[in-house]
Amino acid sequence: MSETILKINDLKVNYGGIEAVKGISFDVPAGQIVTLIGANGAGKSSTLRAIAGLVKPSGGSIEFEGENITGLDPTSIVTKGITLVPEGRKIFPDLTVLENLKIGAYLRKDDLTDDLNWVYDLFPRLKERSWQEGGTLSGGEQQMLAVGRALMSRPKVIMMDEPSLGLAPIIVRGIFDIIKEINKRGVTVLLIEQNANMALKTAHIGYVLETGRLTMSGSGEELLANEQVKAAYLGT
Amino acid sequence: MIEFLHENFRYLLSGISVGGQYALIAIGYTMVYGILRLINFAHGDVFMVAGLIMVYAIAGGLPMWLSIILVIVLTVVLGVAIERVAYKPLRSSPRMSVMISAIGVSYLLQNCALYFTGGLPRSYPAIPFLSKQITIWGATTKMVTLITPILTLVLVLALVFLINHTKIGMAMRAVAKDFETSQLMGIKINSVISFTFVIGCFLAAIGSLLYFSNYTTVVPTSGAMPGLKAFVAAVFGGIGSIPGAVIGAFIIGICENIIKAFGQSWTVFSDAFTFVLLIIILLVKPTGIFGEKATDKV
Ligand SMILES: Nc1ncnc2c1ncn2[C@@H]1O[C@H](COP(=O)(O)OP(=O)(O)OP(=O)(O)O)[C@@H](O)[C@H]1O
Ligand SMILES: [Mg+2]
C-alpha cells in the first residue's frame, strides 16, 4: 500500500450551528483514486470545500503530506498542490477557453506549454475551441474545461465534485476514462459522485457518507458487491 | 452651418474636455461596481481630496513635479485605505450595508475637508503647461482643454489593454464574475480588489489635475457635481462597462456644453440635462448602452 498523501481526521463542518459534516476520518493514499459516495445533503461537497479552504472546519484536522493544512486559505492550498473541480463546473463564462486554462495555472510562473498540450491531448475539443468564450460551450465541454483548468495548476491531488452531473451517459463514460488517464500520470484523485456505480468501478477505494458520518469503507469492488450499498446507491 | 459651428466651437471644445475629465472619474465608479457590485459614493469626494492635496502641497512649498506625484500617490493610498477600512469588513454583509458605509465615507471626507479648509474656497495652483492659453480655430482656451481628451484616450487604451491582455487583468475579469472560483485558482481576491481601487483612484487623481486646472477653486463639495455626472455617465454607458463609461462621459460632457451654445437662457439647463438623461435611461434601458443583462451576482 502506498503512503497516505491526504489524511482527514475527525473533520467537522458547521453552517450557522447546523453540523453538515459530523466528524469524519479517512485516508487518501498517494497515487490512487478514492471516491466518496452518499445521498444528497450527506456532506460530500462540504468535505471537499473544507479541504480546499473554502470553508473553515469547525473541528478536526486535515493533513497533506504529513503537514497540517487545516484552515489555510484557498491560495495556500492550491500552492501546496491540491485543486478542486467545483460542483457545477464554475468555468469563467466570459473568459476564452484558453484563458480559462491559463487562469488555472495562475500561481505558476514556469512554462505552461507542456501542460497545455497535455490538456489538449486529453480534450481535443478544447483545442478546437480555444478562442471561444467558456460560457458558450456545451455542458460536457464545460466539464472538460473545468477538469483541464484544474490540471493546469499541476496538482498532486485533484478533487472532483460530481463531474458527471447532468451529462449524457456517453460523455460520462468519457469523463471516467479521463479520470483514470489523469490518475495514471500519478495524480491522486478524490472523487465525489452520485453515480455510485461508475465511481466505484473506477475507484481503488470508496467511502460511504451518510448525513455527515462515514458508514462504510472498502475497495471499489467490495462496495459494489455490498448488499447495503446495492440497495441504497446502486438501485439494484 | 459651418458658421454656427465656428461660432460655438469653444463649447464643443470644452464639452470634449470636460467629458474626458468625467470619463477619468467614471472609470473608477464602473470598475468598482464591476468587481464589488458597489456604487462607491465616496469616489467623487476622493477626487475632491485629490484637488486639496495639490492645493496644500503647493502651499507647503513643494515643487510642482513633486506635488503632482504626491497627489497621485496619496489619492491612491486614500482609495485603497477606504476599501480596507470601510468596505472589506462588510464583504459578506448585505450590499445595502456597504452602500451606507460608502455614503458615510463620502460625508466623512467632505467634513474633513470642511475642517481643513474652514469652508473657504481654495484656489488651485496653475500647473504651468496645462494653464497655458492657446487659440484653436478662433476659440481661446487653456492647454488643458486640448490635453484632456488625448490623455484620456491614451489612458483608456492602456487600461483596456491591461484588462484584456495581462495576467492581473484576467484575474480582475475572473474575480468580477465569481469570487469563490477565483480563490480556487489561487487568486488573492483582496489584492485584486485593492488593485481595482488603485486604478480607479489613479485615474481620478489625473482627472483632478485636469479638472481643477480648468475650474481653479476647490471647496469641500467640489467632488459632488463631477462625481454625480461621472456616475450618471457610468450608468448611461452600462455600469460595469469601461467603454460604456467613457462614451457616456463624453456624451454628457459635450451635450451639457452644447446646450450653452443655444444662448443664455439655455445655460441654466446645462446640469439639468444630465439628470434628465439619467431618468430617461433608467426608464428606457436601465442596463445602459453597453450594460450586461440585469443578472445579479450569484
Ligand atoms: N453555505 C451553506 N449554508 C448552510 N447550509 C449549507 C451550506 N452548504 C451546505 N449546507 C448544508 O449542509 C448539508 C450538506 O451539504 P453538502 O453540499 O455538503 O451535501 P452534498 O453531499 O454535497 O449533497 P449533493 O449531493 O446534493 O451535492 C446540507 O444539508 C446543506 O443544506
Ligand atoms: Mg454536493
# chains A, B, ... in the order shown; residues from 1 in each chain; ligands from 1
call {"tool": "residues_near_ligand", "arguments": {"ligand": "ligand 1", "cutoff": "6 Å", "atoms": "only C-alpha atoms and all ligand atoms", "output": "compact mmCIF listing (two decimals) with N, CA and C atoms, in the first residue's frame"}}
result
# COMPACT_ATOMS: atom_id res chain seq x y z
N TYR A 15 -22.56 24.93 9.50
CA TYR A 15 -23.12 26.13 8.86
C TYR A 15 -24.09 26.75 9.84
N ALA A 20 -23.03 19.92 9.18
CA ALA A 20 -23.18 19.21 7.90
C ALA A 20 -22.25 18.02 7.83
N ALA A 39 -25.81 10.18 -0.41
CA ALA A 39 -27.03 10.80 -0.94
C ALA A 39 -26.91 12.32 -0.93
N ASN A 40 -27.89 12.98 -1.50
CA ASN A 40 -27.92 14.45 -1.47
C ASN A 40 -27.88 14.94 -0.03
N GLY A 41 -27.06 15.95 0.18
CA GLY A 41 -27.01 16.54 1.51
C GLY A 41 -26.23 15.75 2.53
N ALA A 42 -25.51 14.71 2.09
CA ALA A 42 -24.75 13.89 3.03
C ALA A 42 -23.53 14.62 3.58
N GLY A 43 -23.10 15.65 2.88
CA GLY A 43 -21.94 16.41 3.32
C GLY A 43 -20.71 16.21 2.45
N LYS A 44 -20.91 15.68 1.26
CA LYS A 44 -19.77 15.40 0.38
C LYS A 44 -19.08 16.69 -0.07
N SER A 45 -19.90 17.59 -0.63
CA SER A 45 -19.31 18.85 -1.10
C SER A 45 -18.67 19.61 0.05
N SER A 46 -19.34 19.62 1.20
CA SER A 46 -18.79 20.34 2.35
C SER A 46 -17.42 19.82 2.72
call {"tool": "interface_residues", "arguments": {"of": "chain A", "to": "chain B", "cutoff": "12 Å", "atoms": "only C-alpha atoms", "output": "MDAnalysis selection string"}}
result
chainID A and resid 48:55 73:96 98:109 134:135 146 149:155 158:159
call {"tool": "atom_distance", "arguments": {"atom1": "CA of Tyr124 in chain B", "atom2": "CA of Thr217 in chain B"}}
result
5.2 Å
call {"tool": "residues_around", "arguments": {"residues": "range 184-201 of chain A", "least_positions_apart": "3", "cutoff": "7 Å", "atoms": "only C-alpha atoms", "output": "list in words"}}
result
Ala30, Gly31, Gln32, Ile33, Val34, Thr35, Leu36, Ile37, Gly38, Lys44, Pro155, Lys156, Val157, Ile158, Met159, Met160, Asp161, Glu162, Lys180, Glu181, Gly206, Gly220, Glu221, Leu224, Tyr233 and Leu234 of chain A
call {"tool": "write_last_selection", "arguments": {"atoms": "C-alpha atoms", "output": "short mmCIF file (atom, residue, chain, number, x, y, z; two decimals), in the first residue's frame"}}
result
data_model
loop_
_atom_site.label_atom_id
_atom_site.label_comp_id
_atom_site.auth_asym_id
_atom_site.auth_seq_id
_atom_site.Cartn_x
_atom_site.Cartn_y
_atom_site.Cartn_z
CA ALA A 30 -0.94 8.68 -2.86
CA GLY A 31 -1.49 7.75 -6.49
CA GLN A 32 -4.93 6.22 -6.01
CA ILE A 33 -8.49 7.07 -6.96
CA VAL A 34 -10.63 7.47 -3.87
CA THR A 35 -14.35 8.07 -4.05
CA LEU A 36 -16.80 9.43 -1.54
CA ILE A 37 -20.38 8.45 -2.27
CA GLY A 38 -23.54 9.46 -0.48
CA LYS A 44 -19.77 15.40 0.38
CA PRO A 155 -1.79 19.29 -8.84
CA LYS A 156 -0.69 16.36 -6.71
CA VAL A 157 -4.28 15.80 -5.66
CA ILE A 158 -7.28 16.66 -7.80
CA MET A 159 -10.66 16.71 -6.10
CA MET A 160 -13.74 16.47 -8.29
CA ASP A 161 -17.24 17.30 -7.13
CA GLU A 162 -19.77 15.36 -9.22
CA LYS A 180 -8.22 7.04 -14.97
CA GLU A 181 -5.91 8.65 -17.51
CA GLY A 206 -14.56 4.00 -1.66
CA GLY A 220 -14.33 -0.28 -5.05
CA GLU A 221 -15.20 -3.91 -5.79
CA LEU A 224 -20.02 -2.68 -5.39
CA TYR A 233 -26.92 3.65 -4.05
CA LEU A 234 -26.94 1.28 -6.97
#
call {"tool": "closest_residue", "arguments": {"among": "A:Val28, A:Ile205, A:Val97, A:Leu223", "to": "Val119 in chain A", "atoms": "only C-alpha atoms"}}
result
A:Val97
call {"tool": "residues_around", "arguments": {"residues": "Gly118 in chain B", "least_positions_apart": "4", "cutoff": "12 Å", "atoms": "only C-alpha atoms", "output": "PyMOL selection string"}}
result
chain B and resi 110-114+122+218-220
call {"tool": "atom_distance", "arguments": {"atom1": "CA of Ala224 in chain B", "atom2": "CA of Leu278 in chain B"}}
result
16.0 Å
call {"tool": "residues_around", "arguments": {"residues": "Ile178 in chain A", "least_positions_apart": "2", "cutoff": "12 Å", "atoms": "only C-alpha atoms", "output": "list in words"}}
result
Trp118, Val119, Asp121, Leu122, Phe123, Gln143, Met144, Val147, Gly148, Leu151, Pro163, Ser164, Ile171, Val172, Arg173, Gly174, Ile175, Phe176, Lys180, Glu181, Ile182, Asn183, Lys184, Arg185, Val187, Val189 and Thr202 of chain A
call {"tool": "residues_around", "arguments": {"residues": "Gly169 in chain B", "least_positions_apart": "6", "cutoff": "10 Å", "atoms": "only C-alpha atoms", "output": "ChimeraX atom specification"}}
result
/B:159-163,175,192,195-196
call {"tool": "atom_distance", "arguments": {"atom1": "CA of Ile258 in chain B", "atom2": "CA of Asn214 in chain B"}}
result
17.5 Å
call {"tool": "residues_around", "arguments": {"residues": "Arg10 in chain B", "least_positions_apart": "5", "cutoff": "9 Å", "atoms": "only C-alpha atoms", "output": "VMD selection string"}}
result
chain B and resid 15 136 to 141
call {"tool": "select_by_dssp", "arguments": {"residues": "range 5-174 of chain B", "states": "helix (DSSP H, G or I)", "output": "PyMOL selection string"}}
result
chain B and resi 5-7+9-36+43-59+64-90+95-117+143-165+167-174
